[in-house]
file entry37.cif (mmCIF, C-alpha atoms and all ligand atoms)
data_run
#
loop_
_atom_site.label_atom_id
_atom_site.label_comp_id
_atom_site.auth_asym_id
_atom_site.auth_seq_id
_atom_site.Cartn_x
_atom_site.Cartn_y
_atom_site.Cartn_z
CA MET A 1437 284.88 54.27 3.75
CA LYS A 1438 281.62 56.14 4.35
CA SER A 1439 280.64 58.87 1.98
CA LEU A 1440 278.45 61.93 1.52
CA LEU A 1441 276.74 63.55 -1.43
CA VAL A 1442 277.27 67.15 -2.50
CA LEU A 1443 274.20 67.98 -4.56
CA ASN A 1444 273.91 71.20 -6.56
CA GLY A 1445 270.78 72.43 -8.26
CA PRO A 1446 269.87 74.83 -11.06
CA ASN A 1447 272.35 77.33 -12.45
CA LEU A 1448 275.17 76.21 -10.16
CA ASN A 1449 276.91 74.79 -13.24
CA LEU A 1450 277.44 78.48 -14.12
CA LEU A 1451 279.48 79.20 -10.98
CA GLY A 1452 282.50 81.34 -11.77
CA GLN A 1453 280.76 83.29 -14.53
CA ARG A 1454 277.37 83.83 -12.88
CA GLU A 1455 276.94 87.02 -10.76
CA PRO A 1456 280.48 86.85 -9.31
CA GLU A 1457 279.59 89.63 -6.84
CA GLN A 1458 277.13 87.17 -5.22
CA TYR A 1459 278.81 83.83 -5.78
CA GLY A 1460 282.52 84.57 -6.25
CA SER A 1461 284.90 83.39 -8.95
CA SER A 1462 285.23 79.66 -8.16
CA THR A 1463 283.78 77.29 -10.72
CA LEU A 1464 281.68 74.22 -9.89
CA ASN A 1465 284.78 72.12 -10.62
CA ASP A 1466 286.72 74.15 -8.01
CA VAL A 1467 283.89 73.66 -5.49
CA GLU A 1468 283.79 69.93 -6.10
CA ALA A 1469 287.58 69.70 -5.69
CA LEU A 1470 287.33 71.64 -2.41
CA CYS A 1471 284.63 69.22 -1.21
CA ARG A 1472 286.68 66.13 -2.14
CA GLN A 1473 289.70 67.59 -0.35
CA LYS A 1474 287.63 68.29 2.76
CA GLY A 1475 286.21 64.76 2.61
CA GLU A 1476 289.70 63.27 2.33
CA SER A 1477 290.80 65.14 5.46
CA LEU A 1478 287.87 63.54 7.30
CA ASN A 1479 288.32 60.10 5.74
CA LEU A 1480 285.03 60.43 3.88
CA GLY A 1481 284.31 59.78 0.23
CA VAL A 1482 282.57 62.65 -1.54
CA GLU A 1483 280.20 62.16 -4.47
CA CYS A 1484 279.26 65.28 -6.41
CA PHE A 1485 276.26 65.76 -8.65
CA GLN A 1486 274.60 68.78 -10.28
CA SER A 1487 271.34 69.05 -12.18
CA ASN A 1488 269.16 71.86 -13.47
CA HIS A 1489 266.08 69.62 -13.26
CA GLU A 1490 263.83 69.31 -10.23
CA GLY A 1491 262.81 65.68 -10.90
CA VAL A 1492 266.44 64.60 -11.32
CA LEU A 1493 267.28 66.24 -7.97
CA ILE A 1494 264.33 64.40 -6.39
CA ASP A 1495 265.66 61.10 -7.76
CA ALA A 1496 269.12 61.92 -6.36
CA ILE A 1497 267.61 62.54 -2.89
CA HIS A 1498 265.69 59.24 -3.08
CA GLU A 1499 268.90 57.38 -3.99
CA ALA A 1500 270.71 59.14 -1.14
CA GLY A 1501 267.95 57.93 1.19
CA ARG A 1502 268.53 54.32 0.09
CA ASN A 1503 272.31 54.68 0.51
CA HIS A 1504 271.82 56.24 3.93
CA LYS A 1505 269.57 53.38 5.00
CA SER A 1506 272.20 50.84 3.93
CA GLY A 1507 274.80 52.68 6.02
CA GLU A 1508 277.05 53.86 3.18
CA LEU A 1509 276.08 57.54 3.07
CA ILE A 1510 276.16 59.90 6.08
CA GLY A 1511 274.07 62.58 4.38
CA VAL A 1512 273.77 65.29 1.76
CA VAL A 1513 275.02 68.87 1.42
CA PHE A 1514 272.38 70.38 -0.82
CA ASN A 1515 272.41 73.71 -2.63
CA ALA A 1516 269.01 73.61 -4.32
CA GLY A 1517 269.50 77.07 -5.88
CA ALA A 1518 266.19 78.78 -6.68
CA TYR A 1519 264.23 75.53 -6.06
CA THR A 1520 264.88 76.28 -2.38
CA HIS A 1521 262.26 79.00 -2.61
CA THR A 1522 259.71 77.17 -4.76
CA SER A 1523 259.82 73.42 -4.32
CA VAL A 1524 257.39 71.60 -2.05
CA ALA A 1525 258.42 68.48 -4.00
CA LEU A 1526 262.04 68.73 -2.79
CA HIS A 1527 260.79 69.28 0.78
CA ASP A 1528 258.70 66.12 0.46
CA ALA A 1529 261.61 64.19 -1.11
CA ILE A 1530 263.90 64.96 1.85
CA LYS A 1531 261.18 64.04 4.35
CA GLY A 1532 260.32 60.88 2.42
CA ALA A 1533 263.91 59.72 1.92
CA GLN A 1534 264.78 60.28 5.60
CA VAL A 1535 268.33 61.29 4.81
CA PRO A 1536 270.16 64.00 6.78
CA VAL A 1537 270.41 67.08 4.56
CA ILE A 1538 272.28 70.32 5.21
CA GLU A 1539 270.81 73.17 3.18
CA LEU A 1540 273.59 75.27 1.70
CA HIS A 1541 273.69 78.72 0.15
CA ILE A 1542 276.83 80.43 -1.05
CA SER A 1543 275.28 83.87 -0.55
CA ASN A 1544 273.48 85.18 2.53
CA VAL A 1545 269.98 84.74 1.15
CA HIS A 1546 268.50 86.70 4.08
CA ALA A 1547 270.42 89.82 3.08
CA ARG A 1548 269.04 89.63 -0.48
CA GLU A 1549 265.63 89.99 -2.15
CA SER A 1550 262.64 89.05 0.02
CA PHE A 1551 261.67 86.17 -2.32
CA ARG A 1552 264.88 84.45 -1.19
CA HIS A 1553 263.98 84.69 2.51
CA HIS A 1554 261.60 81.75 2.50
CA SER A 1555 262.90 78.20 2.11
CA TYR A 1556 260.77 75.08 1.62
CA LEU A 1557 263.84 73.02 2.49
CA THR A 1558 264.69 74.38 5.94
CA PRO A 1559 261.91 72.51 7.82
CA ALA A 1560 263.12 69.24 6.27
CA ALA A 1561 266.86 69.92 6.74
CA ILE A 1562 269.00 69.24 9.83
CA GLY A 1563 270.61 72.67 9.46
CA VAL A 1564 271.47 75.54 7.14
CA VAL A 1565 274.80 77.08 6.09
CA ALA A 1566 274.49 80.38 4.22
CA GLY A 1567 276.62 83.41 3.46
CA PHE A 1568 280.15 81.98 3.76
CA GLY A 1569 280.85 81.78 0.06
CA VAL A 1570 282.01 78.47 -1.38
CA ASN A 1571 283.87 77.73 1.89
CA GLY A 1572 280.38 77.02 3.25
CA TYR A 1573 280.56 73.64 1.50
CA ALA A 1574 283.57 72.68 3.66
CA LEU A 1575 281.78 73.94 6.79
CA ALA A 1576 278.69 71.88 5.94
CA ILE A 1577 280.79 68.74 5.29
CA GLN A 1578 282.49 69.23 8.68
CA ALA A 1579 279.09 69.59 10.37
CA LEU A 1580 277.71 66.48 8.65
CA ALA A 1581 280.80 64.47 9.66
CA GLU A 1582 280.56 65.58 13.31
CA ARG A 1583 276.87 64.77 13.43
CA ALA A 1584 277.45 61.29 11.95
CA GLU A 1585 280.23 60.73 14.51
CA MET A 1586 277.87 61.71 17.35
CA SER A 1587 275.12 59.38 16.19
CA SER A 1588 277.39 56.35 15.60
C1 LIG A 1601 271.79 80.19 -3.82
C2 LIG A 1601 270.78 81.28 -3.44
C3 LIG A 1601 269.48 81.12 -4.22
O1 LIG A 1601 268.56 82.14 -3.84
C4 LIG A 1601 269.76 81.26 -5.71
O2 LIG A 1601 268.58 81.07 -6.45
C5 LIG A 1601 270.84 80.35 -6.17
C6 LIG A 1601 272.03 80.17 -5.33
C7 LIG A 1601 273.16 80.40 -3.15
O3 LIG A 1601 273.97 79.48 -3.22
O4 LIG A 1601 273.42 81.46 -2.56
O5 LIG A 1601 270.78 79.81 -7.26
O6 LIG A 1601 271.28 78.93 -3.41
#
call {"tool": "encode", "arguments": {"input": "entry37.cif", "output": "structure tokens", "more": "lines below"}}
Ligand code: DQA
result
Amino acid sequence: MKSLLVLNGPNLNLLGQREPEQYGSSTLNDVEALCRQKGESLNLGVECFQSNHEGVLIDAIHEAGRNHKSGELIGVVFNAGAYTHTSVALHDAIKGAQVPVIELHISNVHARESFRHHSYLTPAAIGVVAGFGVNGYALAIQALAERAEMSS
């Protein structure tokens, strides 16, 4: 069975208690369960990983690149949190690893503060899902699955 990686960055471990007006009441555990359920419906394994550390996220992208190359992993759904707006290193990691990445945001970052309007990840990503709450993870998994189907 092929698989995909759901990668969450800084502060997403606080989902459920953190700014519920922006991010809703689901916890990270709930989100990961939703992703596994969506994967099951598409016959895809779902790995989930969260880190608050930029370098650890870079390592996870590199590993995803290796697993993509070997044919096991169709891609990554990546919510990089605030690193989206600051990290050239994550941009370079995605480019370097050559793994399909969908950039994901729970909130509509373009309707929020201007410092959230710029993303270093978008030019390296195959697409962006933003503003659909935690259901965006299921939408991104669907999109990744359809894209992998098209290219197989
Ligand atoms: C976020 C949006 C980012 O601007 C913010 O720093 C986050 C979460 C989202 O999911 O809406 O941590 O990526």
call {"tool": "residues_near_ligand", "arguments": {"input": "entry37.cif", "ligand": "ligand LIG 1601 (chain A)", "cutoff": "7 Å", "atoms": "only C-alpha atoms and all ligand atoms", "output": "PyMOL selection string"}}
result
chain A and resi 1446-1448+1459+1515-1518+1520+1540-1545+1552+1566
call {"tool": "residues_around", "arguments": {"input": "entry37.cif", "residues": "Gly1460 in chain A", "least_positions_apart": "6", "cutoff": "9 Å", "atoms": "all atoms listed in the file", "output": "list of chain:residue names"}}
result
A:Leu1451, A:Gly1452, A:Gln1453, A:Arg1454, A:Ile1542, A:Gly1569, A:Val1570
call {"tool": "residues_around", "arguments": {"input": "entry37.cif", "residues": "Phe1551 in chain A", "least_positions_apart": "4", "cutoff": "12 Å", "atoms": "all atoms listed in the file", "output": "number ranges by chain"}}
result
A: 1518-1522, 1545-1547, 1555-1556
call {"tool": "atom_distance", "arguments": {"input": "entry37.cif", "atom1": "CA of Gly1501 in chain A", "atom2": "CA of Phe1485 in chain A"}}
result
15.1 Å
call {"tool": "closest_residue", "arguments": {"input": "entry37.cif", "among": "A:Lys1505, A:Ala1584, A:Val1442, A:Ala1525", "to": "Gly1572 in chain A", "atoms": "all atoms listed in the file"}}
result
A:Val1442
call {"tool": "closest_residue", "arguments": {"input": "entry37.cif", "among": "A:Met1586, A:Cys1471, A:Leu1441, A:Ala1576", "to": "Ala1496 in chain A", "atoms": "all atoms listed in the file"}}
result
A:Leu1441
call {"tool": "residues_around", "arguments": {"input": "entry37.cif", "residues": "Arg1472 in chain A", "least_positions_apart": "3", "cutoff": "9 Å", "atoms": "all atoms listed in the file", "output": "CSV table (one decimal) with C-alpha atoms, keeping the file's coordinate frame"}}
result
chain,number,residue,atom,x,y,z
A,1467,VAL,CA,283.9,73.7,-5.5
A,1468,GLU,CA,283.8,69.9,-6.1
A,1469,ALA,CA,287.6,69.7,-5.7
A,1475,GLY,CA,286.2,64.8,2.6
A,1476,GLU,CA,289.7,63.3,2.3
A,1477,SER,CA,290.8,65.1,5.5
A,1480,LEU,CA,285.0,60.4,3.9
A,1481,GLY,CA,284.3,59.8,0.2
A,1482,VAL,CA,282.6,62.6,-1.5
A,1483,GLU,CA,280.2,62.2,-4.5
A,1484,CYS,CA,279.3,65.3,-6.4
call {"tool": "atom_distance", "arguments": {"input": "entry37.cif", "atom1": "CA of Leu1464 in chain A", "atom2": "CA of Ile1497 in chain A"}}
result
19.6 Å
call {"tool": "atom_distance", "arguments": {"input": "entry37.cif", "atom1": "CA of Ala1529 in chain A", "atom2": "CA of Pro1559 in chain A"}}
result
12.2 Å
